[in-house]
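J.: Here's a structure for you.
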Protein chains: 6
Amino acid sequence: MSTIATQLGIVKRNIPRPDRAAIERLSAFGAATVHEALGRLGLMKPTLRPIFPGAHVCGPAVTVLLHPGDNWMLHVAAEQIQPGDVVVAAVTADCTDGYFGDLLATSFQARGALGLVIDGGVRDVKDLSAMKFPVWSKAISAKGTIKATIGSVNVAVVCAGAAVEPGDVIVADDDGVVVVPSAAVAATAEAASLREANEAEKRRKLASGILGLDMYGMRGPLEKAGLKYID
Amino acid sequence: MSTIATQLGIVKRNIPRPDRAAIERLSAFGAATVHEALGRLGLMKPTLRPIFPGAHVCGPAVTVLLHPGDNWMLHVAAEQIQPGDVVVAAVTADCTDGYFGDLLATSFQARGALGLVIDGGVRDVKDLSAMKFPVWSKAISAKGTIKATIGSVNVAVVCAGAAVEPGDVIVADDDGVVVVPSAAVAATAEAASLREANEAEKRRKLASGILGLDMYGMRGPLEKAGLKYID
Amino acid sequence: MSTIATQLGIVKRNIPRPDRAAIERLSAFGAATVHEALGRLGLMKPTLRPIFPGAHVCGPAVTVLLHPGDNWMLHVAAEQIQPGDVVVAAVTADCTDGYFGDLLATSFQARGALGLVIDGGVRDVKDLSAMKFPVWSKAISAKGTIKATIGSVNVAVVCAGAAVEPGDVIVADDDGVVVVPSAAVAATAEAASLREANEAEKRRKLASGILGLDMYGMRGPLEKAGLKYID
Amino acid sequence: MSTIATQLGIVKRNIPRPDRAAIERLSAFGAATVHEALGRLGLMKPTLRPIFPGAHVCGPAVTVLLHPGDNWMLHVAAEQIQPGDVVVAAVTADCTDGYFGDLLATSFQARGALGLVIDGGVRDVKDLSAMKFPVWSKAISAKGTIKATIGSVNVAVVCAGAAVEPGDVIVADDDGVVVVPSAAVAATAEAASLREANEAEKRRKLASGILGLDMYGMRGPLEKAGLKYID
Amino acid sequence: MSTIATQLGIVKRNIPRPDRAAIERLSAFGAATVHEALGRLGLMKPTLRPIFPGAHVCGPAVTVLLHPGDNWMLHVAAEQIQPGDVVVAAVTADCTDGYFGDLLATSFQARGALGLVIDGGVRDVKDLSAMKFPVWSKAISAKGTIKATIGSVNVAVVCAGAAVEPGDVIVADDDGVVVVPSAAVAATAEAASLREANEAEKRRKLASGILGLDMYGMRGPLEKAGLKYID
Amino acid sequence: MSTIATQLGIVKRNIPRPDRAAIERLSAFGAATVHEALGRLGLMKPTLRPIFPGAHVCGPAVTVLLHPGDNWMLHVAAEQIQPGDVVVAAVTADCTDGYFGDLLATSFQARGALGLVIDGGVRDVKDLSAMKFPVWSKAISAKGTIKATIGSVNVAVVCAGAAVEPGDVIVADDDGVVVVPSAAVAATAEAASLREANEAEKRRKLASGILGLDMYGMRGPLEKAGLKYID
């Protein structure tokens with residue numbers, strides 16, 4: 001059963017967080033590699049973009065469910081943050097309002113949050129960049145929000161097309177945001193590690209002019225698929 | 001843990017379907033009423049639209065996870081359909097290709113499917129309309145698809161922004177598509193029934209010219225909120 | 001000075017409505033003709049679409065300013081409707097929620113409203129179609145709204161890219177929604193009338209095979225502009 | 001060399017039109033079938049939609065290149081129409097203005113045009129529907145256009161993502177718009193015919209409950225691809 | 001009455017500009033703060049983005065109404081610019097063409113303009129960045145425009161969803177663009193000042209780990225709203 | 001005849017590349033100037049954006065036709081790259097997947113490619129930026145692709161709304177991407193050169209405060225067009 005639809009108005013205090021060492025290992029890899037290691041699943045939509053380049057976070061999700069134009073639950077979420085967490089905020093309808101700014105960022109950073117992923121808007125981006133507090137959002141908007149309707153914290157949410165359970169690990173960088181199920185963190189780190197193991201060698205070969213066609217043995221399969229060369 | 005990300009290449013044969021009598025009771029209500037009864041949750045994005053007006057389905061979800069431009073798993077899903085089911089197809093990336101047409105519809109209808117909800121495109125819409133096989137999709141496209149990569153059937157998916165587990169009940173009509181968690185079907189039908197109980201009375205009052213301001217007792221709260229009348 | 005930004009929390013009761021006879025004359029013309037008669041101005045964005053084909057309304061605007069996900073002020077607006085009015089609802093941020101359904105439509109219709117134009121979503125569209133209550137909206141969505149924050153009624157608003165003052169006349173049909181400033185209604189009706197005066201003759205000529213190139217005397221200007229015919 | 005970019009301000013009078021008998025044969029098939037018969041190529045984007053359901057045209061393209069907000073060249077194009085042609089209008093930049101209405105439609109219809117495909121907006125859709133003159137467009141807009149800048153007629157254009165040469169055959173119906181290169185019309189009709197030859201038999205089998213999995217022999221390939229069934 | 005629709009083909013030379021000292025005071029604040037100080041109104045859509053980060057302008061609007069693909073009136077507007085002004089360009093239909101480039105920027109800058117806000121496209125962005133001439137636009141496009149149709153200068157316009165009168169003050173930075181009615185500039189500066197007065201103290205508290213929940217006294221209201229904590 | 005639709009599964013090895021000296025001359029100009037020099041044609045949609053600012057490439061196109069979610073043909077294309085080429089990748093349907101990353105970039109760069117233009121997504125953008133390998137794409141996405149279906153290399157394609165033949169010259173910078181037909185390279189460089197010849201003089205005049213109204217002699221035409229000045 002989807003647990004999402006029955007959990008409005010709830011704050012879950014104790015959520016399982018994956019083993020810190022496993023998260024540490026996973027944090028060595030970028031979103032693209034992790035997404036491949038997961039079997040090309042778990043990716044949020046590319047409509048989410050970082051507010052400044054170069055950020056890279058990896059940590060357990062504290063999830064928040066917001067209503068359009070209402071950021072009340074972000075204050076509630078702040079209390080549930082533990083050092084190393086990444087806050088993931090979903091909204092019950094599409095809305096680009098600026099739910100988050102420098103004051104909330106100060107609070108989140110004081111609690112140890114690594115960053116915020118929000119399927120909505122953010123503001124004070126100049127301050128947030130100066131604070132080096134990364135946010136992945138679908139809009140930048142000066143539009144303020146109200147505090148009138150309760151949502152939930154640490155329930156299952158859908159954020160930018162990806163299902164997120166509290167405690168799932170978020171890997172976000174310039175390429176996007178990936179959700180790694182908490183039980184899969186260690187295996188994903190392992191798979192990512194294997195993936196990258198021979199990348200240096202591949203990169204060296206390709207840089208020397210060897211073609212992927214040869215390095216990956218693609219000529220046969222392409223011919224079998226019917227590819228024809230003409231002059 | 002999100003169960004989505006680890007279930008690629010899987011077909012689950014036995015899924016729990018909610019009690020048929022509860023589904024029957026729920027089927028008396030439209031998507032808007034059911035969505036309210038669920039606490040305004042569980043709605044797919046309004047980008048999904050029916051291919052013809054007036055359709056209304058209510059049934060357990062057989063879920064499918066597709067890759068962009070590849071409809072192979074819809075054939076696999078057909079075998080898992082039981083009479084009264086609604087097929088829900090998610091795609092791992094945004095793609096408007098026409099994954100579904102009159103041949104698949106013939107097969108789905110023969111298996112007893114009530115309709116299809118797909119976060120992608122559909123084609124042969126004239127034939128589908130003539131067959132009275134409803135589809136809620138985000139696009140109509142003549143673009144065909146291939147059969148090259150396996151996805152999954154009856155795993156948890158995110159479709160048009162809503163999480164769906166196999167066996168969750170789908171309520172879809174001209175207003176959109178709502179997902180009711182399987183364990184909440186009976187309670188939602190009950191809540192919807194209570195909601196509609198006095199709607200006829202309300203409608204009669206409003207039709208007679210009585211204002212919602214008075215019928216709902218809004219004047220006091222509005223004044224307290226600071227609303228001012230000027231001439 | 002823009003009067004929009006300082007009028008939150010206000011309901012204006014007495015708004016000037018243009019002369020009924022002038023509105024009556026204007027109502028003979030469709031949105032495209034009226035838009036031309038106004039000098040190709042005053043058009044809302046084509047993202048607004050009617051929920052059923054064939055509707056055509058022409059009446060003074062009762063304006064409403066809503067917050068995202070909050071339809072409280074539509075109830076307040078109902079009291080300000082006079083027979084023949086068209087309600088125009090703007091939202092302070094993009095939001096596709098279903099702000100309006102069959103109960104509000106019953107109330108609006110009882111008050112004599114001809115229709116609703118809303119830069120947001122609408123629901124119960126099957127019922128609204130059966131009631132023949134037209135709505136021009138940017139989305140159809142089962143998503144319900146709350147009643148928590150006050151906006152305004154009968155203040156200047158921007159709706160779907162067009163500025164609307166209360167009492168401006170709204171002309172809406174299958175082609176879209178045009179706003180005619182209240183002081184320009186008579187002149188616009190006159191201009192529209194002149195525009196259509198010889199349309200029947202033009203249509204007859206074109207139907208007989210005479211080309212617009214010749215009927216409008218375009219060959220000279222095209223040649224002067226440099227158009228070249230080749231074989 | 002792309003011939004597009006050097007042909008502004010030109011009207012080509014004599015364009016090759018494919019053999020009428022071949023067009024006649026192709027006209028038996030819908031856009032989806034033709035698109036498959038062409039190897040899943042030649043499709044315009046699904047953003048183009050018909051203004052009324054049920055239309056189906058098949059005819060040689062008279063192409064037009066327009067500037068944003070300027071429909072002058074549609075009048076020039078009218079003269080180049082021969083009975084059975086389909087006008088294809090591209091715009092040099094995205095613009096949803098209503099370039100085409102009932103007067104131009106009267107002229108086009110008098111010249112024998114079957115319909116219009118335009119990567120822009122259209123208006124007077126109620127009249128066009130009554131005239132049964134089909135238009136596939138990306139928007140409906142009352143917004144009028146000017147006649148100030150020359151474009152071209154019967155040059156190569158890109159319309160809604162597809163390259164079109166004058167004389168290419170356009171097949172359009174409820175599923176979308178496909179461009180068939182003039183030299184490929186006969187072969188495409190033949191391929192479409194073969195495609196549909198055994199569709200009735202397939203439809204009968206699927207309607208009887210036989211699965212595509214068995215009819216198409218998919219079980220082996222799916223197993224080889226790694227698909228696993230669980231209970 | 002909306003004055004917009006009757007003012008095509010007009011250039012207003014003398015527009016009232018707010019008191020320079022008041023503008024100076026307002027210029028201390030960013031778009032987000034000003035938007036809040038205005039009661040969360042007056043914001044343009046977040047589709048407008050600055051072409052380089054870090055710009056911040058505050059000045060009276062010289063408004064321009066353009067036609068799609070035509071930038072003639074920007075040259076007319078240049079003459080109306082006074083030092084400290086911000087040009088605001090609206091377009092009568094959606095169009096992403098590059099209306100503005102380095103030559104016009106040179107002219108605007110020579111006249112003393114602080115920047116440009118345009119609901120269209122801009123080009124030569126590398127040069128504009130080097131010149132430190134900020135532009136907020138909805139697109140960057142190399143597409144040039146023509147000079148064929150007259151619009152207006154210094155009439156009321158709707159730009160990116162916000163109504164702007166000439167002389168209204170534009171506040172724009174990385175968070176977006178806000179329109180402050182000319183008569184409200186002093187009051188808005190005052191309100192913004194009050195808003196920021198205790199922000200430093202709040203920031204200090206939040207940075208020390210004090211929660212917004214406690215600092216703002218939210219626990220009681222949240223409990224009353226029904227929020228429940230579970231473990 | 002459009003040659004596009006009949007060339008699936010083909011790799012053309014020998015394509016004509018324009019004279020290197022002509023390309024060299026053209027490379028002195030930016031996309032906006034080249035687009036004007038071409039008569040305001042040949043521009044790709046502004047949805048394509050560079051992954052880092054400041055890049056500028058000018059070189060013959062090696063074209064690729066991909067299927068949604070499948071990047072197999074990019075490996076095939078690598079072999080066809082000659083030093084100074086720009087790869088142009090079209091996709092048969094809209095898809096934002098990340099078709100290209102640092103390994104392919106290493107290979108392309110080793111072959112001498114100047115950059116990539118793709119009507120799809122790209123990933124590893126941090127690495128690509130560090131490598132100074134520019135990509136113009138419509139999305140950044142960590143989403144990986146498969147290698148299952150053959151497309152074509154060096155056939156005519158439509159990429160982001162522009163027709164491209166192999167060997168056409170691509171000019172791309174911060175303003176966008178322009179396609180120059182191979183036979184028009186020399187003439188376009190000449191036209192661009194003439195265009196820029198007196199730009200320095202114009203810039204100097206405008207910087208000195210001379211208005212475009214006077215420099216371009218616009219006052220007469222504006223008056224004739226009906227422009228009125230009011231106070």
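Labeling convention for the structure tokens: chains A, B, ... as they appear, residues from 1 per chain, ligands from 1 in order of appearance.
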Could you pull the residues within 10 Å of segment 187-203 of chain A, counting only C-alpha atoms, minus those fewer than 2 positions along the same chain, as number ranges by chain?
T.: A: 22-30, 32-39, 180-181, 183-185, 205-210, 212, 215-216; F: 102-107
J.: I need the alpha helix (DSSP H) residues of segment 54-151 of chain D per DSSP on the backbone, written as a list in words.
T.: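 Of segment 54-151 of chain D, only Trp72, Met73, Leu74, His75, Val76, Ala77, Ala78, Asp102, Leu103, Leu104, Ala105, Thr106, Ser107, Phe108, Gln109, Ala110, Arg111, Val125, Lys126, Asp127, Leu128, Ser129 and Ala130 of chain D fall in alpha helix (DSSP H).
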J.: Tell me, as a count of residues only, which residues lie within 12 Å of Arg13 of chain A, counting only C-alpha atoms; anything in the same chain fewer than 4 positions away does not count.
T.: 20
J.: If we count only C-alpha atoms, which residues of chain B reach to within 7 Å of chain D? Please list them as a list in words.
T.: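 Interface list for chain B against chain D: Gly9, Ile10, Val11, Lys12, Arg13, Asn14, His75, Val76, Glu79, Leu103, Thr106, Ser107, Ala110, Arg111, Arg123, Asp124, Val125, Lys126, Ala139, Ile140, Ser141, Ala142, Lys143, Gly144 and Ile150 of chain B.
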J.: Between atom CA of Val135 of chain A and atom CA of Asp168 of chain A, what is the distance, to one decimal in Å?
T.: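 Atom-to-atom, atom CA of Val135 of chain A and atom CA of Asp168 of chain A are spaced 17.8 Å apart.
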J.: I'd like the neighbourhood of Trp72 of chain D as an mmCIF file with N, CA, C and O atoms, in the first residue's frame, where a residue qualifies if any of its atoms comes within 8 Å (using only C-alpha atoms), though same-chain residues fewer than 6 positions away should be ignored.
T.:
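Wrote it out as out-v8.cif, contents follow:
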data_model
loop_
_atom_site.group_PDB
_atom_site.id
_atom_site.type_symbol
_atom_site.label_atom_id
_atom_site.label_comp_id
_atom_site.auth_asym_id
_atom_site.auth_seq_id
_atom_site.Cartn_x
_atom_site.Cartn_y
_atom_site.Cartn_z
ATOM 1 N N LEU D 66 6.441 31.595 -42.660
ATOM 2 C CA LEU D 66 5.897 32.831 -42.094
ATOM 3 C C LEU D 66 6.846 33.424 -41.057
ATOM 4 O O LEU D 66 7.673 32.724 -40.473
ATOM 5 N N ILE D 146 -0.337 40.656 -38.696
ATOM 6 C CA ILE D 146 -0.168 41.749 -39.649
ATOM 7 C C ILE D 146 0.288 41.200 -41.001
ATOM 8 O O ILE D 146 0.457 39.983 -41.159
ATOM 9 N N LYS D 147 0.463 42.095 -41.950
ATOM 10 C CA LYS D 147 0.947 41.718 -43.285
ATOM 11 C C LYS D 147 2.064 42.688 -43.621
ATOM 12 O O LYS D 147 1.851 43.687 -44.297
ATOM 13 N N ALA D 148 3.270 42.447 -43.108
ATOM 14 C CA ALA D 148 4.353 43.419 -43.240
ATOM 15 C C ALA D 148 5.646 42.852 -43.817
ATOM 16 O O ALA D 148 6.425 43.577 -44.419
ATOM 17 N N THR D 149 5.863 41.550 -43.627
ATOM 18 C CA THR D 149 7.164 40.994 -43.998
ATOM 19 C C THR D 149 6.985 39.784 -44.903
ATOM 20 O O THR D 149 6.156 38.927 -44.622
ATOM 21 N N ILE D 150 7.768 39.712 -45.950
ATOM 22 C CA ILE D 150 7.622 38.576 -46.852
ATOM 23 C C ILE D 150 8.402 37.374 -46.357
ATOM 24 O O ILE D 150 9.466 37.482 -45.762
#
J.: From segment 65-141 of chain C, collect each residue whose DSSP state is strand (DSSP E) and return the set as an NGL selection string.
T.: :C and (65-66 or 86-91 or 115-122 or 135-140)
J.: Could you pull the residues within 10 Å of Asp94 of chain F, counting only C-alpha atoms, minus those fewer than 5 positions along the same chain, as a PyMOL selection string?
T.: (chain B and resi 68-69+94-97) or (chain D and resi 45-46+161) or (chain F and resi 67-69+119-120+138+160)
J.: Keeping only N, CA, C and O atoms, write those residues as a PDB file, in the first residue's frame.
T.:
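File out-v8.pdb, as written:
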ATOM      1  N   PRO B  68      11.615   4.908 -22.037  1.00  0.00           N
ATOM      2  CA  PRO B  68      11.184   5.837 -23.090  1.00  0.00           C
ATOM      3  C   PRO B  68      11.209   5.181 -24.473  1.00  0.00           C
ATOM      4  O   PRO B  68      12.204   4.561 -24.843  1.00  0.00           O
ATOM      5  N   GLY B  69      10.084   5.291 -25.187  1.00  0.00           N
ATOM      6  CA  GLY B  69      10.034   4.775 -26.543  1.00  0.00           C
ATOM      7  C   GLY B  69       9.950   3.266 -26.653  1.00  0.00           C
ATOM      8  O   GLY B  69      10.188   2.705 -27.717  1.00  0.00           O
ATOM      9  N   ASP B  94      10.547  11.344 -19.255  1.00  0.00           N
ATOM     10  CA  ASP B  94       9.472  11.988 -20.012  1.00  0.00           C
ATOM     11  C   ASP B  94       9.558  11.613 -21.487  1.00  0.00           C
ATOM     12  O   ASP B  94      10.600  11.781 -22.120  1.00  0.00           O
ATOM     13  N   CYS B  95       8.453  11.114 -22.021  1.00  0.00           N
ATOM     14  CA  CYS B  95       8.420  10.718 -23.433  1.00  0.00           C
ATOM     15  C   CYS B  95       6.970  10.684 -23.881  1.00  0.00           C
ATOM     16  O   CYS B  95       6.134  10.079 -23.218  1.00  0.00           O
ATOM     17  N   THR B  96       6.666  11.329 -24.995  1.00  0.00           N
ATOM     18  CA  THR B  96       5.285  11.406 -25.451  1.00  0.00           C
ATOM     19  C   THR B  96       4.951  10.396 -26.548  1.00  0.00           C
ATOM     20  O   THR B  96       3.891  10.487 -27.163  1.00  0.00           O
ATOM     21  N   ASP B  97       5.829   9.451 -26.805  1.00  0.00           N
ATOM     22  CA  ASP B  97       5.558   8.481 -27.866  1.00  0.00           C
ATOM     23  C   ASP B  97       4.217   7.770 -27.657  1.00  0.00           C
ATOM     24  O   ASP B  97       3.726   7.648 -26.537  1.00  0.00           O
TER      25      ASP B  97
ATOM     26  N   LYS D  45       5.701  17.071 -34.336  1.00  0.00           N
ATOM     27  CA  LYS D  45       5.564  16.972 -32.882  1.00  0.00           C
ATOM     28  C   LYS D  45       4.087  16.865 -32.488  1.00  0.00           C
ATOM     29  O   LYS D  45       3.220  17.436 -33.147  1.00  0.00           O
ATOM     30  N   PRO D  46       3.822  16.166 -31.380  1.00  0.00           N
ATOM     31  CA  PRO D  46       2.415  16.004 -30.958  1.00  0.00           C
ATOM     32  C   PRO D  46       1.816  17.295 -30.393  1.00  0.00           C
ATOM     33  O   PRO D  46       0.656  17.285 -29.995  1.00  0.00           O
ATOM     34  N   GLY D 161       9.049  20.377 -36.108  1.00  0.00           N
ATOM     35  CA  GLY D 161      10.097  19.378 -35.945  1.00  0.00           C
ATOM     36  C   GLY D 161      10.321  18.467 -37.139  1.00  0.00           C
ATOM     37  O   GLY D 161      11.217  17.626 -37.106  1.00  0.00           O
TER      38      GLY D 161
ATOM     39  N   HIS F  67      17.484   7.591 -31.239  1.00  0.00           N
ATOM     40  CA  HIS F  67      16.152   7.255 -30.738  1.00  0.00           C
ATOM     41  C   HIS F  67      16.059   7.679 -29.270  1.00  0.00           C
ATOM     42  O   HIS F  67      17.073   7.796 -28.592  1.00  0.00           O
ATOM     43  N   PRO F  68      14.841   7.910 -28.787  1.00  0.00           N
ATOM     44  CA  PRO F  68      14.719   8.356 -27.382  1.00  0.00           C
ATOM     45  C   PRO F  68      15.357   7.356 -26.416  1.00  0.00           C
ATOM     46  O   PRO F  68      15.077   6.164 -26.498  1.00  0.00           O
ATOM     47  N   GLY F  69      16.218   7.868 -25.550  1.00  0.00           N
ATOM     48  CA  GLY F  69      16.818   7.009 -24.529  1.00  0.00           C
ATOM     49  C   GLY F  69      17.897   6.081 -25.036  1.00  0.00           C
ATOM     50  O   GLY F  69      18.275   5.139 -24.334  1.00  0.00           O
ATOM     51  N   ASP F 119      19.727  17.843 -29.253  1.00  0.00           N
ATOM     52  CA  ASP F 119      18.353  18.169 -28.880  1.00  0.00           C
ATOM     53  C   ASP F 119      17.862  17.144 -27.859  1.00  0.00           C
ATOM     54  O   ASP F 119      16.846  16.468 -28.047  1.00  0.00           O
ATOM     55  N   GLY F 120      18.639  17.028 -26.794  1.00  0.00           N
ATOM     56  CA  GLY F 120      18.352  16.075 -25.727  1.00  0.00           C
ATOM     57  C   GLY F 120      19.139  16.515 -24.503  1.00  0.00           C
ATOM     58  O   GLY F 120      19.511  17.692 -24.396  1.00  0.00           O
ATOM     59  N   LYS F 138      19.294  20.697 -24.501  1.00  0.00           N
ATOM     60  CA  LYS F 138      18.046  21.252 -23.972  1.00  0.00           C
ATOM     61  C   LYS F 138      17.811  20.828 -22.529  1.00  0.00           C
ATOM     62  O   LYS F 138      16.842  21.259 -21.916  1.00  0.00           O
ATOM     63  N   ALA F 160      16.323  20.606 -33.039  1.00  0.00           N
ATOM     64  CA  ALA F 160      15.810  21.804 -32.366  1.00  0.00           C
ATOM     65  C   ALA F 160      15.209  22.793 -33.359  1.00  0.00           C
ATOM     66  O   ALA F 160      15.437  23.987 -33.289  1.00  0.00           O
TER      67      ALA F 160
END
J.: One decimal, Å: what's the distance from atom CA of Gly151 of chain C over to atom CA of Phe108 of chain C, could you say?
T.: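 Atom CA of Gly151 of chain C sits 18.5 Å away from atom CA of Phe108 of chain C.
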J.: Need the shell around Leu116 of chain F: protein/DNA/RNA residues with any atom at most 7 Å away, counting only C-alpha atoms. Skip same-chain ones fewer than 6 positions apart. Format as a PyMOL selection string?
T.: chain F and resi 86-88+134-136
J.: For C-alpha atoms, I'd like the residues from the last selection saved as a PDB file, in the first residue's frame.
T.:
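Dumped to out.pdb:
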ATOM      1  CA  VAL F  86      30.888  19.836 -34.540  1.00  0.00           C
ATOM      2  CA  VAL F  87      28.587  16.913 -33.819  1.00  0.00           C
ATOM      3  CA  VAL F  88      24.857  17.607 -34.168  1.00  0.00           C
ATOM      4  CA  PRO F 134      31.212  22.661 -24.911  1.00  0.00           C
ATOM      5  CA  VAL F 135      27.763  21.146 -25.313  1.00  0.00           C
ATOM      6  CA  TRP F 136      24.558  22.914 -26.331  1.00  0.00           C
TER       7      TRP F 136
END
